[in-house]
>>> print(open('start_5.cif').read())   # mmCIF, C-alpha atoms
data_protein
loop_
_atom_site.label_atom_id
_atom_site.label_comp_id
_atom_site.auth_asym_id
_atom_site.auth_seq_id
_atom_site.Cartn_x
_atom_site.Cartn_y
_atom_site.Cartn_z
CA MET A 1489 95.39 127.47 123.82
CA SER A 1490 91.68 126.81 123.42
CA LEU A 1491 89.77 123.56 123.85
CA SER A 1492 87.08 122.34 121.53
CA ARG A 1493 83.73 121.88 123.20
CA ARG A 1494 84.10 118.11 123.36
CA GLY A 1495 87.89 117.96 123.54
CA VAL A 1496 89.82 116.42 126.39
CA LEU A 1497 93.49 117.37 126.66
CA ALA A 1498 96.16 115.37 128.41
CA ALA A 1499 98.30 117.75 130.48
CA GLY A 1500 101.80 117.58 131.92
CA GLY A 1501 105.37 117.30 130.67
CA ALA A 1502 107.54 119.86 128.96
CA MET A 1503 104.90 120.71 126.36
CA GLY A 1504 101.98 121.07 128.75
CA ALA A 1505 98.73 120.20 126.98
CA LEU A 1506 99.69 117.85 124.21
CA ALA A 1507 97.41 115.10 123.00
CA ALA A 1508 93.69 114.78 122.52
CA THR A 1509 92.11 111.51 123.59
CA ALA A 1510 89.49 110.52 121.07
CA ALA A 1511 87.77 107.24 121.87
CA GLY A 1512 84.97 108.45 119.62
CA THR A 1513 84.83 112.14 118.72
CA GLY A 1514 87.35 113.73 121.07
CA GLY A 1515 89.09 116.93 120.18
CA ALA A 1516 92.40 118.75 120.33
CA SER A 1517 93.79 122.22 120.71
CA ALA A 1518 93.59 124.92 118.11
CA ALA A 1519 96.84 126.22 116.69
CA PRO A 1520 98.08 129.60 117.90
CA GLY A 1521 97.65 132.62 115.73
CA ARG A 1522 100.01 134.12 113.24
CA GLY A 1523 102.62 136.27 114.92
CA PRO A 1524 106.33 137.10 114.99
CA GLY A 1525 107.12 133.40 114.55
CA HIS A 1526 105.43 133.24 111.14
CA GLY A 1527 107.83 131.81 108.60
CA ARG A 1528 110.65 129.33 108.79
CA GLY A 1529 110.42 126.97 111.75
CA ARG A 1530 107.03 128.25 112.89
CA VAL A 1531 105.16 124.93 112.68
CA ARG A 1532 105.95 122.02 114.99
CA THR A 1533 104.60 118.65 113.88
CA GLY A 1534 102.85 116.15 116.09
CA PHE A 1535 106.06 114.16 116.37
CA ASP A 1536 108.10 117.21 117.36
CA ARG A 1537 105.65 117.90 120.17
CA LEU A 1538 105.55 114.25 121.24
CA ALA A 1539 109.36 114.07 121.45
CA ALA A 1540 109.59 117.40 123.30
CA ASP A 1541 107.21 115.94 125.86
CA GLY A 1542 109.55 112.99 126.44
CA TYR A 1543 107.23 110.52 124.67
CA ARG A 1544 104.99 110.58 127.73
CA LEU A 1545 102.04 109.44 125.64
CA LEU A 1546 103.89 106.21 124.75
CA ARG A 1547 105.32 105.44 128.16
CA GLY A 1548 105.11 101.77 129.18
CA GLN A 1549 103.97 100.68 125.69
CA LYS A 1550 105.50 98.51 122.99
CA VAL A 1551 105.24 100.80 119.99
CA GLY A 1552 104.96 100.15 116.26
CA VAL A 1553 105.08 102.99 113.73
CA VAL A 1554 103.25 103.25 110.40
CA THR A 1555 105.41 105.63 108.41
CA ASN A 1556 107.40 106.29 105.24
CA PRO A 1557 110.22 108.68 104.24
CA THR A 1558 108.06 111.71 105.17
CA GLY A 1559 108.16 110.81 108.87
CA ILE A 1560 110.98 113.20 109.64
CA THR A 1561 111.96 115.84 112.16
CA ALA A 1562 112.62 119.49 111.36
CA ASP A 1563 116.31 118.62 111.00
CA VAL A 1564 115.41 115.85 108.49
CA ARG A 1565 116.14 112.83 110.68
CA HIS A 1566 113.67 109.99 110.34
CA ILE A 1567 111.51 109.51 113.42
CA VAL A 1568 112.29 105.78 113.53
CA ASP A 1569 116.02 106.55 113.60
CA VAL A 1570 115.38 109.11 116.35
CA MET A 1571 113.16 106.92 118.53
CA HIS A 1572 114.99 103.61 118.17
CA PRO A 1573 118.02 104.48 120.37
CA ASP A 1574 115.97 106.59 122.82
CA GLU A 1575 115.40 104.75 126.10
CA ARG A 1576 112.26 106.78 126.79
CA VAL A 1577 110.30 104.94 124.08
CA ASN A 1578 110.12 101.20 123.38
CA LEU A 1579 109.95 101.04 119.59
CA THR A 1580 109.65 97.40 118.50
CA ALA A 1581 108.21 97.39 114.96
CA VAL A 1582 107.67 99.41 111.78
CA PHE A 1583 104.76 99.06 109.34
CA GLY A 1584 105.37 100.09 105.73
CA PRO A 1585 102.59 101.42 103.42
CA GLU A 1586 102.51 101.71 99.62
CA HIS A 1587 106.00 102.61 98.31
CA GLY A 1588 107.48 101.16 101.52
CA PHE A 1589 108.89 102.41 104.81
CA ARG A 1590 112.12 103.66 103.24
CA GLY A 1591 110.37 104.55 99.96
CA THR A 1592 112.05 102.17 97.52
CA ALA A 1593 108.92 101.04 95.61
CA GLN A 1594 107.07 102.75 92.76
CA ALA A 1595 103.30 103.28 92.56
CA GLY A 1596 101.36 100.10 93.25
CA GLY A 1597 104.30 98.47 95.03
CA SER A 1598 105.73 97.93 98.50
CA GLU A 1599 108.87 96.58 100.15
CA GLY A 1600 107.53 93.37 101.69
CA ARG A 1601 108.54 91.97 105.08
CA TYR A 1602 112.19 92.53 106.07
CA ASP A 1603 114.44 93.68 108.89
CA ASP A 1604 115.50 97.31 108.57
CA PRO A 1605 119.30 97.39 108.08
CA ALA A 1606 119.72 100.69 109.94
CA THR A 1607 117.90 99.72 113.13
CA GLY A 1608 117.36 95.98 112.96
CA LEU A 1609 113.64 96.52 113.54
CA PRO A 1610 111.17 94.19 111.84
CA VAL A 1611 109.31 95.96 109.03
CA TYR A 1612 105.84 94.60 108.21
CA ASP A 1613 104.13 95.27 104.89
CA THR A 1614 100.67 96.86 105.26
CA TYR A 1615 100.06 97.65 101.59
CA LEU A 1616 96.64 96.35 100.48
CA LYS A 1617 96.15 94.76 103.89
CA SER A 1618 92.99 95.61 105.78
CA GLY A 1619 90.46 94.20 108.24
CA GLN A 1620 91.36 91.02 110.07
CA ASP A 1621 94.44 90.40 107.89
CA LEU A 1622 95.97 93.67 109.06
CA ALA A 1623 94.76 93.10 112.62
CA ASP A 1624 96.63 89.78 112.59
CA ILE A 1625 99.82 91.59 111.57
CA PHE A 1626 99.43 94.03 114.48
CA THR A 1627 98.84 91.09 116.83
CA ALA A 1628 101.83 89.14 115.51
CA SER A 1629 104.08 92.19 115.92
CA GLY A 1630 103.40 92.25 119.66
CA VAL A 1631 102.88 96.02 119.83
CA ASP A 1632 100.51 97.72 122.27
CA THR A 1633 100.25 101.03 120.44
CA VAL A 1634 100.32 101.77 116.71
CA VAL A 1635 101.62 105.25 115.81
CA PHE A 1636 100.76 106.80 112.43
CA ASP A 1637 103.02 109.53 110.98
CA ILE A 1638 102.83 110.11 107.20
CA GLN A 1639 102.60 113.31 105.17
CA ASP A 1640 99.35 113.49 103.18
CA ALA A 1641 98.73 115.36 99.91
CA GLY A 1642 95.15 116.50 100.56
CA ALA A 1643 93.29 114.37 97.98
CA ARG A 1644 90.81 111.56 98.57
CA PHE A 1645 92.60 109.24 96.17
CA TYR A 1646 96.02 109.66 97.80
CA THR A 1647 96.13 106.29 99.48
CA TYR A 1648 97.90 107.07 102.76
CA ILE A 1649 94.69 108.33 104.34
CA TRP A 1650 93.11 104.96 103.59
CA THR A 1651 96.14 103.24 105.09
CA LEU A 1652 95.24 105.30 108.16
CA TYR A 1653 91.60 104.20 107.94
CA ASP A 1654 92.57 100.55 107.54
CA CYS A 1655 95.00 100.78 110.46
CA MET A 1656 92.31 102.30 112.66
CA GLU A 1657 89.85 99.53 111.82
CA ALA A 1658 92.49 96.81 112.27
CA ALA A 1659 93.82 98.27 115.53
CA ALA A 1660 90.29 98.20 116.94
CA LEU A 1661 89.91 94.55 115.91
CA ALA A 1662 93.27 93.70 117.48
CA GLY A 1663 92.59 95.65 120.68
CA LYS A 1664 95.44 98.09 120.05
CA ARG A 1665 95.59 101.83 120.70
CA LEU A 1666 96.32 104.13 117.76
CA VAL A 1667 98.11 107.48 118.01
CA VAL A 1668 98.12 109.89 115.04
CA LEU A 1669 100.94 112.44 114.84
CA ASP A 1670 99.68 115.35 112.79
CA ARG A 1671 101.31 117.04 109.81
CA PRO A 1672 100.10 119.90 107.58
CA ASN A 1673 97.72 119.55 104.70
CA PRO A 1674 100.17 120.96 102.10
CA VAL A 1675 97.47 122.69 100.07
CA THR A 1676 95.81 124.35 103.09
CA GLY A 1677 92.84 123.20 105.12
CA ARG A 1678 90.50 125.99 104.07
CA ALA A 1679 87.96 124.26 101.89
CA ALA A 1680 86.65 120.89 100.81
CA LEU A 1681 86.23 120.64 97.04
CA GLY A 1682 84.83 118.26 94.46
CA PRO A 1683 82.47 115.30 94.39
CA VAL A 1684 81.84 113.17 97.48
CA LEU A 1685 82.42 109.44 97.10
CA ASP A 1686 79.39 107.22 96.52
CA PRO A 1687 80.00 104.14 98.73
CA ALA A 1688 79.19 101.90 95.74
CA PHE A 1689 82.53 102.99 94.28
CA ALA A 1690 84.68 102.33 97.34
CA THR A 1691 88.24 101.15 96.61
CA PHE A 1692 91.70 101.78 98.05
CA VAL A 1693 91.65 105.18 96.29
CA GLY A 1694 88.52 106.07 98.25
CA ARG A 1695 87.18 103.91 101.06
CA ARG A 1696 84.47 106.22 102.40
CA GLU A 1697 82.30 109.28 101.71
CA ILE A 1698 84.61 112.28 101.73
CA ALA A 1699 85.21 115.02 99.17
CA GLN A 1700 87.80 114.72 96.44
CA ALA A 1701 89.88 117.46 98.08
CA HIS A 1702 89.04 116.99 101.76
CA GLY A 1703 90.70 120.08 103.25
CA MET A 1704 91.68 118.30 106.49
CA THR A 1705 94.83 117.10 108.24
CA VAL A 1706 95.41 113.42 108.95
CA ALA A 1707 94.55 113.93 112.64
CA GLU A 1708 91.28 115.63 111.73
CA LEU A 1709 90.51 112.83 109.30
CA ALA A 1710 91.22 110.25 112.01
CA LEU A 1711 88.71 111.94 114.32
CA PHE A 1712 86.20 112.09 111.45
CA PHE A 1713 86.71 108.43 110.50
CA ASN A 1714 86.40 107.19 114.07
CA ALA A 1715 83.16 109.05 114.76
CA GLU A 1716 81.44 108.86 111.38
CA PHE A 1717 82.50 105.52 109.91
CA LEU A 1718 83.95 103.35 112.69
CA HIS A 1719 81.55 104.30 115.48
CA GLU A 1720 80.26 100.74 115.91
CA ASN A 1721 83.77 99.59 116.84
CA PRO A 1722 85.90 102.72 117.33
CA VAL A 1723 89.62 102.46 117.91
CA ARG A 1724 91.16 103.85 121.09
CA LEU A 1725 92.40 106.93 119.30
CA GLU A 1726 94.66 109.75 120.40
CA VAL A 1727 95.95 112.55 118.19
CA VAL A 1728 98.90 114.84 118.75
CA THR A 1729 98.18 118.13 117.03
CA MET A 1730 100.66 120.56 115.52
CA SER A 1731 101.47 123.94 116.95
CA GLY A 1732 101.75 127.01 114.77
CA TRP A 1733 99.77 125.70 111.79
CA ARG A 1734 96.83 127.66 110.40
CA ARG A 1735 94.23 126.46 107.92
CA SER A 1736 95.34 129.05 105.37
CA ASP A 1737 98.95 127.83 105.33
CA PHE A 1738 100.41 126.32 102.20
CA PHE A 1739 103.34 124.01 102.82
CA ASP A 1740 106.00 126.63 102.15
CA ASP A 1741 104.48 128.77 104.92
CA THR A 1742 105.31 126.13 107.52
CA GLY A 1743 109.12 126.20 107.54
CA LEU A 1744 109.09 122.39 107.43
CA PRO A 1745 111.24 120.37 105.01
CA TRP A 1746 109.41 118.67 102.15
CA VAL A 1747 110.06 115.00 101.46
CA PRO A 1748 108.22 113.48 98.48
CA PRO A 1749 105.57 111.26 100.08
CA SER A 1750 105.59 109.13 96.92
CA PRO A 1751 107.83 109.05 93.83
CA ASN A 1752 105.41 111.12 91.73
CA MET A 1753 104.75 113.79 94.37
CA PRO A 1754 108.15 115.54 94.15
CA THR A 1755 107.14 119.02 95.31
CA PRO A 1756 104.38 120.86 97.18
CA GLU A 1757 103.45 122.36 93.80
CA THR A 1758 102.60 118.84 92.62
CA ALA A 1759 100.22 118.46 95.54
CA LEU A 1760 98.60 121.78 94.63
CA VAL A 1761 97.30 120.44 91.30
CA TYR A 1762 97.06 116.73 92.16
CA SER A 1763 93.46 116.62 93.40
CA GLY A 1764 92.36 117.75 89.94
CA THR A 1765 94.85 116.41 87.43
CA CYS A 1766 95.11 112.94 88.94
CA LEU A 1767 91.77 112.40 87.17
CA PHE A 1768 93.80 111.87 84.01
CA GLU A 1769 94.84 108.51 85.41
CA GLY A 1770 91.32 107.52 84.38
CA THR A 1771 91.95 108.43 80.72
CA ASN A 1772 94.25 107.37 77.90
CA LEU A 1773 96.31 110.55 78.34
CA SER A 1774 99.57 110.70 80.25
CA GLU A 1775 99.26 112.35 83.66
CA GLY A 1776 102.95 113.23 83.50
CA ARG A 1777 104.38 110.16 85.23
CA GLY A 1778 107.88 109.60 83.92
CA THR A 1779 108.58 113.35 83.71
CA THR A 1780 110.04 115.83 86.17
CA ARG A 1781 106.61 117.52 86.53
CA PRO A 1782 104.08 114.74 87.14
CA PHE A 1783 100.45 115.93 87.28
CA GLU A 1784 101.52 119.33 85.94
CA LEU A 1785 102.25 117.94 82.47
CA LEU A 1786 99.40 116.18 80.66
CA GLY A 1787 99.29 114.89 77.12
CA ALA A 1788 99.09 112.20 74.46
CA GLU A 1789 100.20 111.49 70.91
CA GLY A 1790 98.22 113.62 68.47
CA ILE A 1791 97.39 116.50 70.82
CA ASP A 1792 98.52 119.95 69.66
CA HIS A 1793 98.13 123.64 70.54
CA ARG A 1794 94.33 123.54 70.40
CA TRP A 1795 93.98 121.99 73.86
CA ALA A 1796 95.96 124.73 75.63
CA ALA A 1797 94.05 127.38 73.67
CA ALA A 1798 90.68 125.90 74.66
CA ALA A 1799 91.68 125.63 78.31
CA ASN A 1800 93.00 129.21 78.41
CA ALA A 1801 89.79 130.48 76.78
CA LEU A 1802 87.89 129.41 79.92
CA GLU A 1803 89.83 131.98 81.96
CA LEU A 1804 89.92 129.74 85.02
CA PRO A 1805 91.01 131.62 88.13
CA GLY A 1806 94.65 131.45 89.15
CA VAL A 1807 95.98 129.19 86.39
CA ALA A 1808 97.29 129.36 82.83
CA PHE A 1809 98.08 126.56 80.39
CA ARG A 1810 101.13 126.29 78.17
CA GLU A 1811 101.30 124.17 75.03
CA ALA A 1812 103.86 121.51 75.98
CA TYR A 1813 105.66 118.52 74.48
CA PHE A 1814 107.38 115.81 76.52
CA ALA A 1815 108.60 112.20 76.40
CA PRO A 1816 107.78 110.14 79.51
CA THR A 1817 110.58 107.83 80.65
CA PHE A 1818 108.06 105.31 82.04
CA SER A 1819 104.30 104.72 82.32
CA LYS A 1820 101.99 105.84 79.48
CA PHE A 1821 103.75 106.73 76.19
CA GLN A 1822 107.14 105.66 77.53
CA GLY A 1823 109.88 106.95 75.23
CA LYS A 1824 107.43 108.68 72.88
CA THR A 1825 107.06 112.42 72.35
CA VAL A 1826 103.55 113.56 73.19
CA GLY A 1827 101.76 116.89 73.04
CA GLY A 1828 99.62 118.49 75.69
CA VAL A 1829 99.63 121.18 78.34
CA GLN A 1830 101.57 122.27 81.36
CA LEU A 1831 99.62 123.89 84.19
CA HIS A 1832 101.11 127.07 85.62
CA VAL A 1833 99.41 128.08 88.86
CA GLN A 1834 99.74 131.85 89.00
CA ASP A 1835 97.58 132.62 92.04
CA ARG A 1836 97.19 129.68 94.39
CA GLU A 1837 94.80 131.63 96.64
CA VAL A 1838 92.05 131.48 94.01
CA PHE A 1839 93.09 128.35 92.10
CA ASP A 1840 90.53 125.51 92.29
CA PRO A 1841 92.30 122.27 91.38
CA VAL A 1842 89.18 120.09 91.07
CA ARG A 1843 87.28 122.51 88.83
CA THR A 1844 90.46 122.87 86.78
CA GLY A 1845 90.77 119.10 86.41
CA ILE A 1846 87.18 118.87 85.17
CA ALA A 1847 87.75 121.74 82.71
CA LEU A 1848 90.80 119.98 81.32
CA LEU A 1849 88.84 116.75 80.83
CA VAL A 1850 86.05 118.64 79.05
CA THR A 1851 88.41 120.54 76.75
CA ALA A 1852 90.61 117.50 76.03
CA LYS A 1853 87.58 115.53 74.87
CA ARG A 1854 86.37 118.42 72.72
CA THR A 1855 89.72 119.19 71.05
CA TRP A 1856 91.25 115.73 70.58
CA SER A 1857 89.39 113.02 68.72
CA GLY A 1858 91.51 110.30 70.32
CA PHE A 1859 90.29 111.02 73.86
CA ALA A 1860 89.05 107.94 75.74
CA TRP A 1861 88.39 106.81 79.28
CA ARG A 1862 90.34 103.86 80.61
CA PRO A 1863 88.38 100.71 79.68
CA ASP A 1864 87.90 99.77 83.34
CA ASN A 1865 86.19 103.14 83.99
CA TRP A 1866 88.85 103.97 86.60
CA ILE A 1867 87.63 107.55 86.36
CA ASP A 1868 84.52 106.48 88.31
CA LYS A 1869 86.72 105.22 91.17
CA LEU A 1870 88.66 108.50 91.19
CA THR A 1871 85.63 110.78 91.12
CA GLY A 1872 83.61 108.43 93.31
CA ASN A 1873 80.62 108.16 90.96
CA THR A 1874 79.59 107.73 87.33
CA ARG A 1875 78.26 111.27 87.07
CA VAL A 1876 81.44 113.03 85.95
CA ARG A 1877 82.13 110.55 83.15
CA THR A 1878 78.57 110.33 81.87
CA MET A 1879 77.99 114.08 81.97
CA ILE A 1880 81.19 114.81 80.04
CA ASP A 1881 80.30 112.11 77.51
CA ALA A 1882 76.88 113.75 77.12
CA GLY A 1883 78.51 117.10 76.29
CA ALA A 1884 78.10 118.89 79.62
CA ASP A 1885 80.35 121.89 80.22
CA THR A 1886 82.52 122.46 83.27
CA ASP A 1887 79.94 124.53 85.17
CA ALA A 1888 77.26 121.86 84.77
CA VAL A 1889 79.54 119.08 86.03
CA VAL A 1890 80.63 121.13 89.03
CA ARG A 1891 77.04 122.08 89.90
CA ALA A 1892 76.05 118.41 89.98
CA TRP A 1893 78.01 117.67 93.15
CA GLN A 1894 77.27 120.81 95.16
CA ARG A 1895 74.48 119.36 97.35
CA ASP A 1896 76.61 116.39 98.48
CA LEU A 1897 79.61 118.66 98.98
CA SER A 1898 77.63 121.09 101.14
CA ALA A 1899 76.52 118.21 103.37
CA PHE A 1900 80.10 116.96 103.70
CA ARG A 1901 81.37 120.44 104.54
CA ALA A 1902 78.81 120.78 107.33
CA LYS A 1903 79.74 117.40 108.80
CA ARG A 1904 83.49 118.08 108.43
CA ARG A 1905 83.35 121.26 110.55
CA ARG A 1906 82.86 119.25 113.76
CA TYR A 1907 86.30 117.71 113.43
CA LEU A 1908 88.44 120.71 112.46
CA ARG A 1909 91.08 121.44 115.10
CA TYR A 1910 92.91 124.48 113.72
CA GLU A 1911 91.93 128.07 113.05
CA GLY A 1912 92.91 130.60 110.42
#
>>> encode(input="start_5.cif", output="C-alpha cells")
Amino acid sequence: MSLSRRGVLAAGGAMGALAATAAGTGGASAAPGRGPGHGRGRVRTGFDRLAADGYRLLRGQKVGVVTNPTGITADVRHIVDVMHPDERVNLTAVFGPEHGFRGTAQAGGSEGRYDDPATGLPVYDTYLKSGQDLADIFTASGVDTVVFDIQDAGARFYTYIWTLYDCMEAAALAGKRLVVLDRPNPVTGRAALGPVLDPAFATFVGRREIAQAHGMTVAELALFFNAEFLHENPVRLEVVTMSGWRRSDFFDDTGLPWVPPSPNMPTPETALVYSGTCLFEGTNLSEGRGTTRPFELLGAEGIDHRWAAAANALELPGVAFREAYFAPTFSKFQGKTVGGVQLHVQDREVFDPVRTGIALLVTAKRTWSGFAWRPDNWIDKLTGNTRVRTMIDAGADTDAVVRAWQRDLSAFRAKRRRYLRYEG
C-alpha cells in the first residue's frame, strides 16, 4: 500500500491503514493491483472498509449520513440499517438528497422532512439547500460528523457531486467534520472529457469548473473541491478509499451490486452514455425519460431513419446507432410515438460519450427541421458555456466543437492529477 506524497494515513484497527485526513489537500492510499481477486467481490467500498475497522473513524461522534438507496453493502443491506443497531457507532440523523433517502421521488423532487419508519431516525431534506441554510440544518440535527456515501455516475451535471460540494461548504460553516466513503466511478476513472464549466454558468447541475465527464471518484472530487474551491474555509475532511478498484474498471468489473442512483439511471450502461446524451435535456427532443432505456433512446415526433444514417456515417469509435421508435410514458412526448435513435455501445474501451453526444446534436439539427434548443438555453448550463450551442447553430461540425474546449480541458486534466488516489 503506497502513500501519496502529501497523504497522511490513519493506522490501526482490523483494516490497518484506512482513512486519509484531508484538512486541505491530504491524500489516501492507492488501490492494489489486479491479481487473482479480479472479478466478483474484488472491490471493497469505503463503507465496507470503515465497518471492517469497527467504525474507529467515527468513535465518540454523533453521526449523520448523507445517502440514498445506493448506500449499500456488498450483501445489499443499506448502510443506515446496518449502522443504526450497531453500538460501535452513534448514528443520530440522515440527510436525504434529490430523489430522497429511500429514493421515492422523481427527478427534481425530494422526500421532505420525516422520521424514517424502519429506524425511527430523523431524515432531513438537503435538496436545493446550500450555504448557511444547509449549515443550519446540520447544526439543528446535533451531529458532530457528516458522512457522505452516494454512488455517482461520472458526469458533471449529475447532481449528487454538488450535494457533496454543498455539504462540504455547509459543514465548514457549521464547524462539523465531513467523512466521504468512496465508491467507484462506474464509467472508469481513466480520462476527463468534454468542456469545463465557465463559472458564469454555475447552477446545481454544475457548481464549479470541472469537465463534463470528470473521471474521478467522489473521494477524489472531495479532495479536489476542498483544495481548489473551498481553500479559504476548508472543511475538516477525511476520505475512506476503496480497496481493489483500478482506474480502468467499469462497474461490472467491481463485483459490487448496482442500485439505480436515480430513477432514470437504471443500469451501468445508462451511466456509460449519460455524460453525452444528457445534453438532449437542453433540446426539444426526448432524452428517453419514460422508457426502459433512458439516455440510450433519443427522439421526437417527425424524426425518421435519416438521423441514424447520418450518425452512423460519422463512424464514431465504439458505437452504432439504430433507427428506433418509442412512446414515453412520462416527460417529453408522453403517450406519443416518436422516432429517433438508440445508441448501442459496441466497444466501451474506445467509446467517447461526450464527443458522441455532440455528434448527435449536430446530426439531429442537420437532419430534422424541427430541432430546437430549450427556450431557457438549458444546454448552456449542461455544457457550462454558450460555445457548444452557438457553434452548432453556426454550422460547426463535431470536430470543430470538440477542438474548442481542448485548452480548458488540458488545464483541468493537469490540475486533476494531483488528487487521483488510485492506479491502473
>>> resolve_selection(input="start_5.cif", expression="the PyMOL selection byres ((chain A and resi 1556-1571) around 10)", output="ChimeraX atom specification")
/A:1529,1531-1536,1539,1543,1552-1555,1572-1579,1581-1592,1606-1607,1609,1636-1640,1648,1669,1671,1743-1750
>>> atom_distance(input="start_5.cif", atom1="CA of Gly1677 in chain A", atom2="CA of Ser1736 in chain A")
6.4 Å
>>> residues_around(input="start_5.cif", residues="Trp1893 in chain A", least_positions_apart="3", cutoff="9 Å", atoms="all atoms listed in the file", output="PyMOL selection string")
chain A and resi 1682-1684+1875+1889-1890+1896-1898
>>> residues_around(input="start_5.cif", residues="range 1836-1850 of chain A", least_positions_apart="5", cutoff="7 Å", atoms="only C-alpha atoms", output="compact mmCIF listing (two decimals) with C-alpha atoms, in the coordinates of the input")
# COMPACT_ATOMS: atom_id res chain seq x y z
CA LEU A 1681 86.23 120.64 97.04
CA GLY A 1682 84.83 118.26 94.46
CA VAL A 1761 97.30 120.44 91.30
CA SER A 1763 93.46 116.62 93.40
CA GLY A 1764 92.36 117.75 89.94
CA THR A 1765 94.85 116.41 87.43
CA LEU A 1767 91.77 112.40 87.17
CA ALA A 1799 91.68 125.63 78.31
CA PRO A 1805 91.01 131.62 88.13
CA GLY A 1806 94.65 131.45 89.15
CA VAL A 1807 95.98 129.19 86.39
CA ILE A 1880 81.19 114.81 80.04
CA ASP A 1885 80.35 121.89 80.22
CA THR A 1886 82.52 122.46 83.27
CA VAL A 1890 80.63 121.13 89.03
>>> resolve_selection(input="start_5.cif", expression="the PyMOL selection byres ((chain A and resi 1625) around 12)", output="JSON, numbers by chain")
{"A": [1552, 1581, 1582, 1583, 1584, 1601, 1610, 1611, 1612, 1613, 1614, 1615, 1617, 1618, 1619, 1620, 1621, 1622, 1623, 1624, 1626, 1627, 1628, 1629, 1630, 1631, 1634, 1655, 1658, 1659, 1661, 1662, 1664]}
>>> write_last_selection(input="start_5.cif", atoms="C-alpha atoms", output="PDB file, keeping the file's coordinate frame")
ATOM      1  CA  GLY A1552     104.960 100.150 116.260  1.00  0.00           C
ATOM      2  CA  ALA A1581     108.210  97.390 114.960  1.00  0.00           C
ATOM      3  CA  VAL A1582     107.670  99.410 111.780  1.00  0.00           C
ATOM      4  CA  PHE A1583     104.760  99.060 109.340  1.00  0.00           C
ATOM      5  CA  GLY A1584     105.370 100.090 105.730  1.00  0.00           C
ATOM      6  CA  ARG A1601     108.540  91.970 105.080  1.00  0.00           C
ATOM      7  CA  PRO A1610     111.170  94.190 111.840  1.00  0.00           C
ATOM      8  CA  VAL A1611     109.310  95.960 109.030  1.00  0.00           C
ATOM      9  CA  TYR A1612     105.840  94.600 108.210  1.00  0.00           C
ATOM     10  CA  ASP A1613     104.130  95.270 104.890  1.00  0.00           C
ATOM     11  CA  THR A1614     100.670  96.860 105.260  1.00  0.00           C
ATOM     12  CA  TYR A1615     100.060  97.650 101.590  1.00  0.00           C
ATOM     13  CA  LYS A1617      96.150  94.760 103.890  1.00  0.00           C
ATOM     14  CA  SER A1618      92.990  95.610 105.780  1.00  0.00           C
ATOM     15  CA  GLY A1619      90.460  94.200 108.240  1.00  0.00           C
ATOM     16  CA  GLN A1620      91.360  91.020 110.070  1.00  0.00           C
ATOM     17  CA  ASP A1621      94.440  90.400 107.890  1.00  0.00           C
ATOM     18  CA  LEU A1622      95.970  93.670 109.060  1.00  0.00           C
ATOM     19  CA  ALA A1623      94.760  93.100 112.620  1.00  0.00           C
ATOM     20  CA  ASP A1624      96.630  89.780 112.590  1.00  0.00           C
ATOM     21  CA  PHE A1626      99.430  94.030 114.480  1.00  0.00           C
ATOM     22  CA  THR A1627      98.840  91.090 116.830  1.00  0.00           C
ATOM     23  CA  ALA A1628     101.830  89.140 115.510  1.00  0.00           C
ATOM     24  CA  SER A1629     104.080  92.190 115.920  1.00  0.00           C
ATOM     25  CA  GLY A1630     103.400  92.250 119.660  1.00  0.00           C
ATOM     26  CA  VAL A1631     102.880  96.020 119.830  1.00  0.00           C
ATOM     27  CA  VAL A1634     100.320 101.770 116.710  1.00  0.00           C
ATOM     28  CA  CYS A1655      95.000 100.780 110.460  1.00  0.00           C
ATOM     29  CA  ALA A1658      92.490  96.810 112.270  1.00  0.00           C
ATOM     30  CA  ALA A1659      93.820  98.270 115.530  1.00  0.00           C
ATOM     31  CA  LEU A1661      89.910  94.550 115.910  1.00  0.00           C
ATOM     32  CA  ALA A1662      93.270  93.700 117.480  1.00  0.00           C
ATOM     33  CA  LYS A1664      95.440  98.090 120.050  1.00  0.00           C
TER      34      LYS A1664
END
>>> resolve_selection(input="start_5.cif", expression="the PyMOL selection byres ((chain A and resi 1903) around 12)", output="list in words")
Ala1680, Glu1697, Ile1698, Ala1699, His1702, Leu1709, Leu1711, Phe1712, Phe1713, Ala1715, Glu1716, Asp1896, Leu1897, Ser1898, Ala1899, Phe1900, Arg1901, Ala1902, Arg1904, Arg1905, Arg1906, Tyr1907 and Leu1908 of chain A
>>> residues_around(input="start_5.cif", residues="range 1869-1872 of chain A", least_positions_apart="5", cutoff="6 Å", atoms="only C-alpha atoms", output="list in words")
Leu1685, Asp1686 and Phe1689 of chain A
>>> closest_residue(input="start_5.cif", among="A:Glu1803, A:Met1656, A:Val1635, A:Gly1778", to="His1719 in chain A", atoms="all atoms listed in the file")
A:Met1656
>>> closest_residue(input="start_5.cif", among="A:Asn1772, A:Asn1721, A:Asn1800, A:Thr1758", to="Phe1859 in chain A", atoms="only C-alpha atoms")
A:Asn1772
>>> atom_distance(input="start_5.cif", atom1="CA of Arg1810 in chain A", atom2="CA of Phe1738 in chain A")
24.0 Å
>>> atom_distance(input="start_5.cif", atom1="CA of Lys1824 in chain A", atom2="CA of Val1876 in chain A")
29.4 Å
>>> closest_residue(input="start_5.cif", among="A:Asn1714, A:Pro1816, A:Gly1608, A:Met1704", to="Tyr1653 in chain A", atoms="all atoms listed in the file")
A:Asn1714
>>> closest_residue(input="start_5.cif", among="A:Gly1642, A:Gly1827, A:Gly1597, A:Gly1732", to="Ser1774 in chain A", atoms="all atoms listed in the file")
A:Gly1827
